[in-house]
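**Q** Contents of query-v1.cif (mmCIF, C-alpha atoms, pLDDT in the B column; chains and numbers go by the auth columns):
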data_model
loop_
_atom_site.group_PDB
_atom_site.id
_atom_site.type_symbol
_atom_site.label_atom_id
_atom_site.label_comp_id
_atom_site.label_asym_id
_atom_site.label_seq_id
_atom_site.Cartn_x
_atom_site.Cartn_y
_atom_site.Cartn_z
_atom_site.B_iso_or_equiv
_atom_site.auth_seq_id
_atom_site.auth_asym_id
ATOM 1 C CA MET A 1 -61.177 26.620 -6.890 79.00 15 L
ATOM 2 C CA LYS A 2 -59.192 27.805 -3.897 90.00 16 L
ATOM 3 C CA LYS A 3 -56.476 30.452 -4.189 94.00 17 L
ATOM 4 C CA ARG A 4 -53.433 30.613 -1.920 97.00 18 L
ATOM 5 C CA ILE A 5 -51.606 33.679 -0.660 98.00 19 L
ATOM 6 C CA TYR A 6 -49.262 34.486 2.193 98.00 20 L
ATOM 7 C CA THR A 7 -49.224 37.355 4.636 98.00 21 L
ATOM 8 C CA THR A 8 -46.563 39.202 6.586 98.00 22 L
ATOM 9 C CA LEU A 9 -45.901 42.580 8.191 98.00 23 L
ATOM 10 C CA ASN A 10 -43.676 45.289 6.769 98.00 24 L
ATOM 11 C CA HIS A 11 -41.201 47.229 8.916 97.00 25 L
ATOM 12 C CA LEU A 12 -43.974 49.721 9.727 97.00 26 L
ATOM 13 C CA ASN A 13 -46.105 46.892 11.156 98.00 27 L
ATOM 14 C CA GLN A 14 -48.566 47.056 8.262 98.00 28 L
ATOM 15 C CA GLN A 15 -49.971 43.856 6.807 98.00 29 L
ATOM 16 C CA VAL A 16 -49.166 42.907 3.220 98.00 30 L
ATOM 17 C CA ALA A 17 -50.049 39.975 0.973 98.00 31 L
ATOM 18 C CA VAL A 18 -47.515 37.871 -0.940 98.00 32 L
ATOM 19 C CA VAL A 19 -48.860 36.334 -4.134 98.00 33 L
ATOM 20 C CA PHE A 20 -47.194 33.696 -6.328 98.00 34 L
ATOM 21 C CA GLN A 21 -47.948 33.473 -10.044 96.00 35 L
ATOM 22 C CA TYR A 22 -46.516 30.462 -11.834 95.00 36 L
ATOM 23 C CA SER A 23 -46.167 31.680 -15.413 89.00 37 L
ATOM 24 C CA SER A 24 -45.718 34.877 -17.392 87.00 38 L
ATOM 25 C CA THR A 25 -46.083 36.119 -20.956 85.00 39 L
ATOM 26 C CA ASN A 26 -43.785 39.106 -20.319 85.00 40 L
ATOM 27 C CA SER A 27 -41.402 39.151 -23.296 84.00 41 L
ATOM 28 C CA LYS A 28 -38.625 40.968 -21.414 86.00 42 L
ATOM 29 C CA THR A 29 -38.559 38.893 -18.236 90.00 43 L
ATOM 30 C CA GLY A 30 -39.409 35.549 -19.804 89.00 44 L
ATOM 31 C CA ASN A 31 -41.459 32.807 -18.242 93.00 45 L
ATOM 32 C CA GLY A 32 -41.131 31.860 -14.593 95.00 46 L
ATOM 33 C CA VAL A 33 -42.520 32.307 -11.090 97.00 47 L
ATOM 34 C CA GLN A 34 -43.624 35.887 -10.388 96.00 48 L
ATOM 35 C CA ILE A 35 -43.895 37.039 -6.763 98.00 49 L
ATOM 36 C CA ALA A 36 -45.948 40.152 -5.980 98.00 50 L
ATOM 37 C CA VAL A 37 -46.172 41.997 -2.674 98.00 51 L
ATOM 38 C CA LEU A 38 -49.507 43.803 -2.372 98.00 52 L
ATOM 39 C CA PRO A 39 -51.143 45.953 0.293 98.00 53 L
ATOM 40 C CA TRP A 40 -53.525 43.857 2.371 98.00 54 L
ATOM 41 C CA SER A 41 -56.263 46.438 1.770 98.00 55 L
ATOM 42 C CA TRP A 42 -56.248 45.517 -1.920 98.00 56 L
ATOM 43 C CA ILE A 43 -57.293 41.987 -0.965 98.00 57 L
ATOM 44 C CA THR A 44 -59.996 42.998 1.489 98.00 58 L
ATOM 45 C CA THR A 45 -61.366 46.064 -0.304 98.00 59 L
ATOM 46 C CA GLY A 46 -60.624 45.380 -3.964 97.00 60 L
ATOM 47 C CA LYS A 47 -59.614 47.563 -6.902 95.00 61 L
ATOM 48 C CA GLN A 48 -60.891 50.781 -5.346 95.00 62 L
ATOM 49 C CA ALA A 49 -58.033 50.562 -2.823 97.00 63 L
ATOM 50 C CA MET A 50 -55.319 50.454 -5.488 96.00 64 L
ATOM 51 C CA GLN A 51 -54.460 54.144 -5.358 94.00 65 L
ATOM 52 C CA ASP A 52 -52.822 53.549 -1.967 96.00 66 L
ATOM 53 C CA ASP A 53 -49.735 51.360 -2.458 97.00 67 L
ATOM 54 C CA SER A 54 -47.775 52.795 0.464 96.00 68 L
ATOM 55 C CA SER A 55 -47.551 49.611 2.554 98.00 69 L
ATOM 56 C CA ALA A 56 -45.925 47.675 -0.323 98.00 70 L
ATOM 57 C CA CYS A 57 -44.078 50.425 -2.230 97.00 71 L
ATOM 58 C CA PHE A 58 -43.362 53.047 0.476 96.00 72 L
ATOM 59 C CA ASP A 59 -41.609 56.119 -0.959 90.00 73 L
ATOM 60 C CA CYS A 60 -40.523 54.561 -4.246 92.00 74 L
ATOM 61 C CA PRO A 61 -40.360 57.526 -6.658 90.00 75 L
ATOM 62 C CA HIS A 62 -42.494 55.580 -9.136 90.00 76 L
ATOM 63 C CA SER A 63 -45.241 54.681 -6.657 92.00 77 L
ATOM 64 C CA GLN A 64 -48.816 55.920 -6.685 92.00 78 L
ATOM 65 C CA ARG A 65 -48.153 58.148 -3.661 86.00 79 L
ATOM 66 C CA GLN A 66 -45.181 59.767 -5.404 88.00 80 L
ATOM 67 C CA ASN A 67 -45.040 60.243 -9.187 89.00 81 L
ATOM 68 C CA LYS A 68 -47.311 57.462 -10.492 91.00 82 L
ATOM 69 C CA THR A 69 -44.708 56.385 -13.030 89.00 83 L
ATOM 70 C CA CYS A 70 -44.409 52.655 -12.262 90.00 84 L
ATOM 71 C CA TYR A 71 -44.413 50.709 -15.534 86.00 85 L
ATOM 72 C CA VAL A 72 -46.478 47.962 -13.875 91.00 86 L
ATOM 73 C CA ARG A 73 -49.276 50.533 -13.466 93.00 87 L
ATOM 74 C CA LYS A 74 -49.438 51.261 -17.190 91.00 88 L
ATOM 75 C CA GLY A 75 -51.168 49.611 -20.143 91.00 89 L
ATOM 76 C CA LEU A 76 -51.609 45.857 -20.204 89.00 90 L
ATOM 77 C CA SER A 77 -49.480 45.367 -17.091 90.00 91 L
ATOM 78 C CA ASN A 78 -51.925 47.448 -15.083 93.00 92 L
ATOM 79 C CA VAL A 79 -54.877 45.592 -16.580 94.00 93 L
ATOM 80 C CA GLY A 80 -53.299 42.328 -15.453 93.00 94 L
ATOM 81 C CA LEU A 81 -52.622 43.675 -11.961 95.00 95 L
ATOM 82 C CA MET A 82 -56.195 44.896 -11.595 96.00 96 L
ATOM 83 C CA SER A 83 -57.491 41.522 -12.744 96.00 97 L
ATOM 84 C CA LYS A 84 -55.291 39.775 -10.167 96.00 98 L
ATOM 85 C CA VAL A 85 -56.543 42.036 -7.371 98.00 99 L
ATOM 86 C CA ASP A 86 -60.162 41.582 -8.459 97.00 100 L
ATOM 87 C CA SER A 87 -59.788 37.793 -8.481 97.00 101 L
ATOM 88 C CA LEU A 88 -58.141 37.701 -5.045 98.00 102 L
ATOM 89 C CA HIS A 89 -60.721 40.075 -3.592 98.00 103 L
ATOM 90 C CA ASN A 90 -63.579 37.912 -4.875 97.00 104 L
ATOM 91 C CA ALA A 91 -61.925 34.820 -3.424 97.00 105 L
ATOM 92 C CA TYR A 92 -61.555 36.634 -0.095 98.00 106 L
ATOM 93 C CA LEU A 93 -65.265 37.488 -0.105 97.00 107 L
ATOM 94 C CA ASN A 94 -66.512 34.034 -1.041 97.00 108 L
ATOM 95 C CA GLY A 95 -64.227 32.130 1.327 97.00 109 L
ATOM 96 C CA SER A 96 -62.067 30.422 -1.303 98.00 110 L
ATOM 97 C CA LEU A 97 -58.894 32.333 -0.398 98.00 111 L
ATOM 98 C CA GLU A 98 -56.434 30.392 1.737 98.00 112 L
ATOM 99 C CA VAL A 99 -54.113 32.651 3.739 98.00 113 L
ATOM 100 C CA PHE A 100 -50.855 31.366 5.260 98.00 114 L
ATOM 101 C CA ASP A 101 -48.071 33.067 7.162 98.00 115 L
ATOM 102 C CA ILE A 102 -45.028 33.880 4.997 98.00 116 L
ATOM 103 C CA SER A 103 -42.925 31.478 7.092 98.00 117 L
ATOM 104 C CA HIS A 104 -44.619 28.581 5.259 98.00 118 L
ATOM 105 C CA ALA A 105 -43.934 29.873 1.743 98.00 119 L
ATOM 106 C CA ALA A 106 -40.647 28.132 0.966 97.00 120 L
ATOM 107 C CA VAL A 107 -41.977 24.702 1.930 97.00 121 L
ATOM 108 C CA MET A 108 -45.390 25.121 0.313 98.00 122 L
ATOM 109 C CA GLU A 109 -43.966 26.613 -2.901 98.00 123 L
ATOM 110 C CA LYS A 110 -40.982 24.274 -3.188 97.00 124 L
ATOM 111 C CA ASN A 111 -42.336 22.200 -6.065 97.00 125 L
ATOM 112 C CA ASN A 112 -43.519 25.280 -7.946 97.00 126 L
ATOM 113 C CA CYS A 113 -40.183 27.109 -7.637 97.00 127 L
ATOM 114 C CA LYS A 114 -37.703 24.266 -8.032 97.00 128 L
ATOM 115 C CA ASN A 115 -35.466 24.831 -11.057 97.00 129 L
ATOM 116 C CA GLN A 116 -37.590 27.794 -12.156 97.00 130 L
ATOM 117 C CA TYR A 117 -36.709 31.413 -12.787 97.00 131 L
ATOM 118 C CA ILE A 118 -38.101 33.552 -9.943 98.00 132 L
ATOM 119 C CA ARG A 119 -38.942 37.216 -10.339 97.00 133 L
ATOM 120 C CA PHE A 120 -38.896 38.622 -6.822 98.00 134 L
ATOM 121 C CA GLY A 121 -41.091 41.702 -6.825 94.00 135 L
ATOM 122 C CA GLN A 122 -43.386 41.527 -9.831 95.00 136 L
ATOM 123 C CA TYR A 123 -44.961 44.310 -7.800 96.00 137 L
ATOM 124 C CA GLY A 124 -44.023 45.756 -4.421 97.00 138 L
ATOM 125 C CA GLU A 125 -40.941 45.401 -2.245 98.00 139 L
ATOM 126 C CA PRO A 126 -39.404 41.906 -2.307 98.00 140 L
ATOM 127 C CA VAL A 127 -37.381 42.523 0.869 98.00 141 L
ATOM 128 C CA LEU A 128 -40.661 42.111 2.775 98.00 142 L
ATOM 129 C CA LEU A 129 -40.461 38.359 2.189 98.00 143 L
ATOM 130 C CA GLY A 130 -37.557 38.329 4.645 98.00 144 L
ATOM 131 C CA GLU A 131 -34.040 36.941 4.344 98.00 145 L
ATOM 132 C CA ASN A 132 -34.937 33.371 5.317 98.00 146 L
ATOM 133 C CA ILE A 133 -37.658 32.939 2.679 98.00 147 L
ATOM 134 C CA VAL A 134 -35.695 34.745 -0.041 98.00 148 L
ATOM 135 C CA SER A 135 -32.600 32.614 0.553 98.00 149 L
ATOM 136 C CA GLN A 136 -34.595 29.370 0.468 98.00 150 L
ATOM 137 C CA LEU A 137 -36.494 30.279 -2.689 98.00 151 L
ATOM 138 C CA ALA A 138 -33.346 31.525 -4.431 98.00 152 L
ATOM 139 C CA SER A 139 -31.565 28.260 -3.648 98.00 153 L
ATOM 140 C CA LEU A 140 -34.424 26.342 -5.245 97.00 154 L
ATOM 141 C CA SER A 141 -34.468 28.423 -8.422 97.00 155 L
ATOM 142 C CA SER A 142 -32.551 28.117 -11.676 97.00 156 L
ATOM 143 C CA ASN A 143 -32.153 31.898 -11.725 97.00 157 L
ATOM 144 C CA TRP A 144 -33.747 34.962 -10.168 97.00 158 L
ATOM 145 C CA THR A 145 -34.028 38.740 -10.312 97.00 159 L
ATOM 146 C CA GLY A 146 -34.964 41.274 -7.664 98.00 160 L
ATOM 147 C CA TYR A 147 -34.840 45.030 -7.088 98.00 161 L
ATOM 148 C CA THR A 148 -35.283 47.074 -3.926 98.00 162 L
ATOM 149 C CA HIS A 149 -35.725 50.768 -3.180 97.00 163 L
ATOM 150 C CA LEU A 150 -35.158 50.081 0.533 98.00 164 L
ATOM 151 C CA TRP A 151 -31.409 49.481 0.194 98.00 165 L
ATOM 152 C CA PHE A 152 -30.688 52.413 2.530 97.00 166 L
ATOM 153 C CA LEU A 153 -32.369 50.796 5.565 98.00 167 L
ATOM 154 C CA PRO A 154 -29.918 48.870 7.774 98.00 168 L
ATOM 155 C CA GLN A 155 -32.382 46.036 8.443 98.00 169 L
ATOM 156 C CA TYR A 156 -32.323 45.167 4.744 98.00 170 L
ATOM 157 C CA ALA A 157 -28.544 45.077 4.309 98.00 171 L
ATOM 158 C CA TRP A 158 -28.873 41.299 3.816 98.00 172 L
ATOM 159 C CA ALA A 159 -30.705 41.964 0.530 98.00 173 L
ATOM 160 C CA ALA A 160 -27.469 43.035 -1.197 98.00 174 L
ATOM 161 C CA LYS A 161 -26.670 39.364 -1.762 98.00 175 L
ATOM 162 C CA TYR A 162 -29.901 38.735 -3.658 98.00 176 L
ATOM 163 C CA PHE A 163 -31.284 42.007 -5.037 98.00 177 L
ATOM 164 C CA MET A 164 -30.161 45.059 -6.941 98.00 178 L
ATOM 165 C CA ALA A 165 -30.507 48.506 -5.401 98.00 179 L
ATOM 166 C CA SER A 166 -32.947 50.308 -7.675 97.00 180 L
ATOM 167 C CA VAL A 167 -31.773 53.891 -8.194 96.00 181 L
ATOM 168 C CA GLU A 168 -32.609 56.846 -10.424 94.00 182 L
ATOM 169 C CA THR A 169 -29.411 58.912 -10.247 94.00 183 L
ATOM 170 C CA GLN A 170 -25.665 58.383 -10.265 95.00 184 L
ATOM 171 C CA PRO A 171 -25.210 59.890 -6.755 96.00 185 L
ATOM 172 C CA LEU A 172 -27.774 57.406 -5.398 97.00 186 L
ATOM 173 C CA ALA A 173 -25.984 54.582 -7.206 97.00 187 L
ATOM 174 C CA GLU A 174 -22.731 55.555 -5.513 97.00 188 L
ATOM 175 C CA LYS A 175 -24.390 55.642 -2.093 98.00 189 L
ATOM 176 C CA ALA A 176 -25.940 52.208 -2.597 98.00 190 L
ATOM 177 C CA GLN A 177 -22.675 50.756 -3.836 97.00 191 L
ATOM 178 C CA LEU A 178 -20.919 52.057 -0.723 98.00 192 L
ATOM 179 C CA LYS A 179 -23.451 50.036 1.279 98.00 193 L
ATOM 180 C CA GLY A 180 -22.435 46.887 -0.589 98.00 194 L
ATOM 181 C CA PHE A 181 -25.172 46.770 -3.228 98.00 195 L
ATOM 182 C CA ARG A 182 -24.838 46.380 -6.942 98.00 196 L
ATOM 183 C CA THR A 183 -27.199 48.821 -8.620 98.00 197 L
ATOM 184 C CA PHE A 184 -29.786 48.912 -11.371 97.00 198 L
ATOM 185 C CA ARG A 185 -29.887 52.518 -12.507 96.00 199 L
ATOM 186 C CA VAL A 186 -32.471 54.192 -14.704 93.00 200 L
ATOM 187 C CA ARG A 187 -30.968 56.917 -16.898 92.00 201 L
ATOM 188 C CA SER A 188 -31.975 59.314 -19.646 89.00 202 L
ATOM 189 C CA LYS A 189 -30.677 58.790 -23.191 89.00 203 L
ATOM 190 C CA SER A 190 -28.207 61.640 -22.736 88.00 204 L
ATOM 191 C CA GLU A 191 -26.648 60.348 -19.496 87.00 205 L
ATOM 192 C CA GLU A 192 -23.330 58.558 -19.657 85.00 206 L
ATOM 193 C CA ILE A 193 -22.708 55.041 -18.422 90.00 207 L
ATOM 194 C CA GLN A 194 -20.533 54.935 -15.286 85.00 208 L
ATOM 195 C CA ARG A 195 -18.687 51.634 -14.796 90.00 209 L
ATOM 196 C CA GLU A 196 -21.928 49.861 -15.644 96.00 210 L
ATOM 197 C CA VAL A 197 -23.237 47.463 -18.258 96.00 211 L
ATOM 198 C CA ILE A 198 -26.327 48.080 -20.385 96.00 212 L
ATOM 199 C CA CYS A 199 -29.194 45.740 -19.551 96.00 213 L
ATOM 200 C CA PRO A 200 -28.962 43.075 -22.302 95.00 214 L
ATOM 201 C CA ALA A 201 -32.709 42.404 -22.101 94.00 215 L
ATOM 202 C CA SER A 202 -33.529 46.031 -22.895 93.00 216 L
ATOM 203 C CA LYS A 203 -34.246 47.654 -26.245 92.00 217 L
ATOM 204 C CA GLU A 204 -30.949 49.549 -26.189 92.00 218 L
ATOM 205 C CA GLY A 205 -29.172 46.330 -25.208 93.00 219 L
ATOM 206 C CA GLY A 206 -30.499 44.567 -28.285 94.00 220 L
ATOM 207 C CA ARG A 207 -32.839 42.273 -26.353 92.00 221 L
ATOM 208 C CA LYS A 208 -30.183 39.580 -26.526 94.00 222 L
ATOM 209 C CA VAL A 209 -31.638 37.678 -23.568 95.00 223 L
ATOM 210 C CA THR A 210 -34.614 37.581 -21.245 95.00 224 L
ATOM 211 C CA CYS A 211 -34.308 38.254 -17.517 95.00 225 L
ATOM 212 C CA SER A 212 -34.997 34.579 -16.900 94.00 226 L
ATOM 213 C CA THR A 213 -31.789 33.536 -18.665 94.00 227 L
ATOM 214 C CA CYS A 214 -29.559 36.576 -18.056 95.00 228 L
ATOM 215 C CA GLY A 215 -28.423 36.354 -14.433 91.00 229 L
ATOM 216 C CA LEU A 216 -27.079 39.909 -14.084 96.00 230 L
ATOM 217 C CA CYS A 217 -29.714 41.207 -11.646 97.00 231 L
ATOM 218 C CA LYS A 218 -29.201 38.889 -8.701 97.00 232 L
ATOM 219 C CA GLY A 219 -27.293 41.092 -6.290 98.00 233 L
ATOM 220 C CA THR A 220 -23.754 40.288 -5.200 98.00 234 L
ATOM 221 C CA GLU A 221 -24.410 36.614 -5.852 95.00 235 L
ATOM 222 C CA THR A 222 -22.770 37.477 -9.162 93.00 236 L
ATOM 223 C CA GLY A 223 -19.643 39.599 -9.415 91.00 237 L
ATOM 224 C CA ALA A 224 -20.725 41.441 -12.565 95.00 238 L
ATOM 225 C CA LYS A 225 -20.829 45.212 -12.997 96.00 239 L
ATOM 226 C CA SER A 226 -23.893 47.176 -11.986 98.00 240 L
ATOM 227 C CA VAL A 227 -26.607 47.533 -14.625 97.00 241 L
ATOM 228 C CA VAL A 228 -28.100 50.569 -16.366 97.00 242 L
ATOM 229 C CA ILE A 229 -31.208 51.007 -18.495 95.00 243 L
ATOM 230 C CA ILE A 230 -32.791 53.919 -20.345 91.00 244 L
ATOM 231 C CA LYS A 231 -36.012 55.142 -18.720 83.00 245 L
ATOM 232 C CA HIS A 232 -39.019 53.302 -20.100 71.00 246 L
#
Would you write the structure of this file as structure tokens?
**A**
Amino acid sequence: MKKRIYTTLNHLNQQVAVVFQYSSTNSKTGNGVQIAVLPWSWITTGKQAMQDDSSACFDCPHSQRQNKTCYVRKGLSNVGLMSKVDSLHNAYLNGSLEVFDISHAAVMEKNNCKNQYIRFGQYGEPVLLGENIVSQLASLSSNWTGYTHLWFLPQYAWAAKYFMASVETQPLAEKAQLKGFRTFRVRSKSEEIQREVICPASKEGGRKVTCSTCGLCKGTETGAKSVVIIKH
């Protein structure tokens, strides 16, 4: 059975792969379309390349090149990611992997994304999909979430409409907000909340909703307060 992925270049002219997954068992996010951005070397080389995530994650403080604290690279989430990479690598080797330019994604994924919750950035930087594709997919969806650590780069200012600026400190949150972003801030239990709302899908928020039904983390498309969550 053939597998389909898309490819594009990041702002450093490095090739990355964009992978769509059409369901999820993640209890926090809820079911929906999951979009991952992976280094192209993971597709061509396989799992042994997974220690280098720089072309998809850059200097994210949770990346493998920085502090290795990304929750996607822990436990069952990491097992699932490794399985995905292994499957795509095998398809690449045996010729069953279909690769399309990212410019075709909105049209080719229209039926899969229509009226569905979309999680932009199951892994990697969702801004690499580009404004045109993000806007088309978001307009198709019933709801979406997205987070970027590249909020400080001028070429990604457009992302404020769709994604939250992912930040780890209050000073960073203030800088991102001055650039027009709403923020999703990770805090310690002892830190105070600053004109923010606790993530209602989190443990401390009572898990009242899933990300798929919440609607808080969709950039300035909603006028809600910025969001905060205890480090997990």
**Q** Determine the residue set returned by the PyMOL selection byres ((chain L and resi 172) around 12) for the present structure, and present it as a list in words.
**A**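 So the PyMOL selection byres ((chain L and resi 172) around 12) ends up selecting Val141, Leu142, Gly144, Glu145, Asn146, Val148, Ser149, Thr162, Leu164, Trp165, Phe166, Leu167, Pro168, Gln169, Tyr170, Ala171, Ala173, Ala174, Lys175, Tyr176, Phe177, Met178, Ala179, Lys193, Gly194, Phe195, Gly233, Thr234 and Glu235 of chain L.
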**Q** Take the PyMOL selection byres ((chain L and resi 41) around 10), run it mentally on this structure, and tell me the resulting residues as a PyMOL selection string.
**A** chain L and resi 38-40+42-45+215+221+223-225
**Q** Using only C-alpha atoms, which protein or nucleic acid residues come within 9 Å of Phe72 (chain L)? Drop anything in the same chain fewer than 2 positions from it, and give the result as a PDB file with C-alpha atoms, in the frame of the given file.
**A**
ATOM      1  CA  ASP L  67     -49.735  51.360  -2.458  1.00 97.00           C
ATOM      2  CA  SER L  68     -47.775  52.795   0.464  1.00 96.00           C
ATOM      3  CA  SER L  69     -47.551  49.611   2.554  1.00 98.00           C
ATOM      4  CA  ALA L  70     -45.925  47.675  -0.323  1.00 98.00           C
ATOM      5  CA  CYS L  74     -40.523  54.561  -4.246  1.00 92.00           C
ATOM      6  CA  PRO L  75     -40.360  57.526  -6.658  1.00 90.00           C
ATOM      7  CA  SER L  77     -45.241  54.681  -6.657  1.00 92.00           C
ATOM      8  CA  ARG L  79     -48.153  58.148  -3.661  1.00 86.00           C
ATOM      9  CA  GLY L 138     -44.023  45.756  -4.421  1.00 97.00           C
ATOM     10  CA  GLU L 139     -40.941  45.401  -2.245  1.00 98.00           C
ATOM     11  CA  HIS L 163     -35.725  50.768  -3.180  1.00 97.00           C
ATOM     12  CA  LEU L 164     -35.158  50.081   0.533  1.00 98.00           C
TER      13      LEU L 164
END
**Q** Quick one, how far is CA of Leu230 (chain L) from CA of Ser204 (chain L)?
**A**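 A separation of 23.4 Å between them.
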**Q** Could you give me, as a list of chain:residue names, the residues that have an atom at most 12 Å away from the point (-26.4, 60.9, -20.9) in the coordinates of the file, using all atoms listed in the file?
**A**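 Output: L:Thr183, L:Gln184, L:Val200, L:Arg201, L:Ser202, L:Lys203, L:Ser204, L:Glu205, L:Glu206, L:Ile207, L:Gln208, L:Val242, L:Ile243, L:Ile244, L:Lys245.
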**Q** Smallest atom-to-atom distance to Gly94 (chain L): which of L:His25, L:Gln136, L:Gln130, L:Lys239, using only C-alpha atoms?
**A**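 Smallest separation from Gly94 (chain L) among the options: L:Gln136.
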**Q** Measuring between all atoms listed in the file, which one of L:Leu192, L:Val241, L:Val32, L:Ile19 shows the shortest distance to Ala105 (chain L)?
**A** L:Ile19
**Q** In Å to one decimal, how far is CA of Val93 (chain L) from CA of Ile49 (chain L)?
**A**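 Answer for the CA of Ile49 (chain L) to CA of Val93 (chain L) separation: 17.0 Å.
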**Q** Which one is closest to Gly160 (chain L): L:Ser110, L:Thr197, L:Asn104, L:Thr22? Count all atoms listed in the file.
**A** L:Thr197
**Q** Nearest residue to Asn129 (chain L) out of L:Cys71, L:Val47, L:Leu102, L:Cys84, using only C-alpha atoms?
**A**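 Nearest candidate to Asn129 (chain L) out of L:Cys71, L:Val47, L:Leu102, L:Cys84: L:Val47.
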**Q** Just how far from CA of Phe198 (chain L) is CA of Ser180 (chain L), in Å to one decimal?
**A**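 Distance reported for this atom pair: 5.1 Å.
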**Q** From the options L:Ser55, L:Thr227, L:Ser97, L:Ser117, which residue's atoms come nearest to Pro214 (chain L), counting all atoms listed in the file?
**A**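 Checking each candidate against Pro214 (chain L), we get L:Thr227 as the closest.
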**Q** What's the 10 Å shell around Trp56 (chain L), counting all atoms listed in the file, without same-chain residues fewer than 4 positions away, as an mmCIF file with C-alpha atoms, in the coordinates of the input?
**A**
data_model
loop_
_atom_site.group_PDB
_atom_site.id
_atom_site.type_symbol
_atom_site.label_atom_id
_atom_site.label_comp_id
_atom_site.auth_asym_id
_atom_site.auth_seq_id
_atom_site.Cartn_x
_atom_site.Cartn_y
_atom_site.Cartn_z
ATOM 1 C CA VAL L 30 -49.166 42.907 3.220
ATOM 2 C CA ALA L 31 -50.049 39.975 0.973
ATOM 3 C CA LEU L 52 -49.507 43.803 -2.372
ATOM 4 C CA GLY L 60 -60.624 45.380 -3.964
ATOM 5 C CA LYS L 61 -59.614 47.563 -6.902
ATOM 6 C CA GLN L 62 -60.891 50.781 -5.346
ATOM 7 C CA ALA L 63 -58.033 50.562 -2.823
ATOM 8 C CA MET L 64 -55.319 50.454 -5.488
ATOM 9 C CA GLN L 65 -54.460 54.144 -5.358
ATOM 10 C CA ASP L 66 -52.822 53.549 -1.967
ATOM 11 C CA ASP L 67 -49.735 51.360 -2.458
ATOM 12 C CA MET L 96 -56.195 44.896 -11.595
ATOM 13 C CA VAL L 99 -56.543 42.036 -7.371
ATOM 14 C CA ASP L 100 -60.162 41.582 -8.459
ATOM 15 C CA LEU L 102 -58.141 37.701 -5.045
ATOM 16 C CA HIS L 103 -60.721 40.075 -3.592
#
**Q** Could you give me the centre and size, in Å to one decimal, of an axis-aligned box around all listed atoms of region 88-91 of chain L with 4 Å added on every side, as lines of an AutoDock Vina configuration file?
**A**
center_x = -50.5
center_y = 48.3
center_z = -18.6
size_x = 10.2
size_y = 13.9
size_z = 11.1
**Q** Need to verify the contact set: Leu111 (chain L), 6 Å, all atoms listed in the file, exclusion of same-chain residues closer than 4 positions in sequence. Can you return it as a PyMOL selection string?
**A** chain L and resi 16-18+105-106
**Q** From the list L:Gly46, L:Val86, L:Lys189, L:Ser101, which residue is nearest Phe134 (chain L) when using only C-alpha atoms?
**A** L:Gly46
**Q** Mind checking which residues fall within 7 Å of region 118-126 of chain L, counting all atoms listed in the file, ignoring those fewer than 6 positions away in the same chain, and posting them as a ChimeraX atom specification?
**A** /L:147,150-151
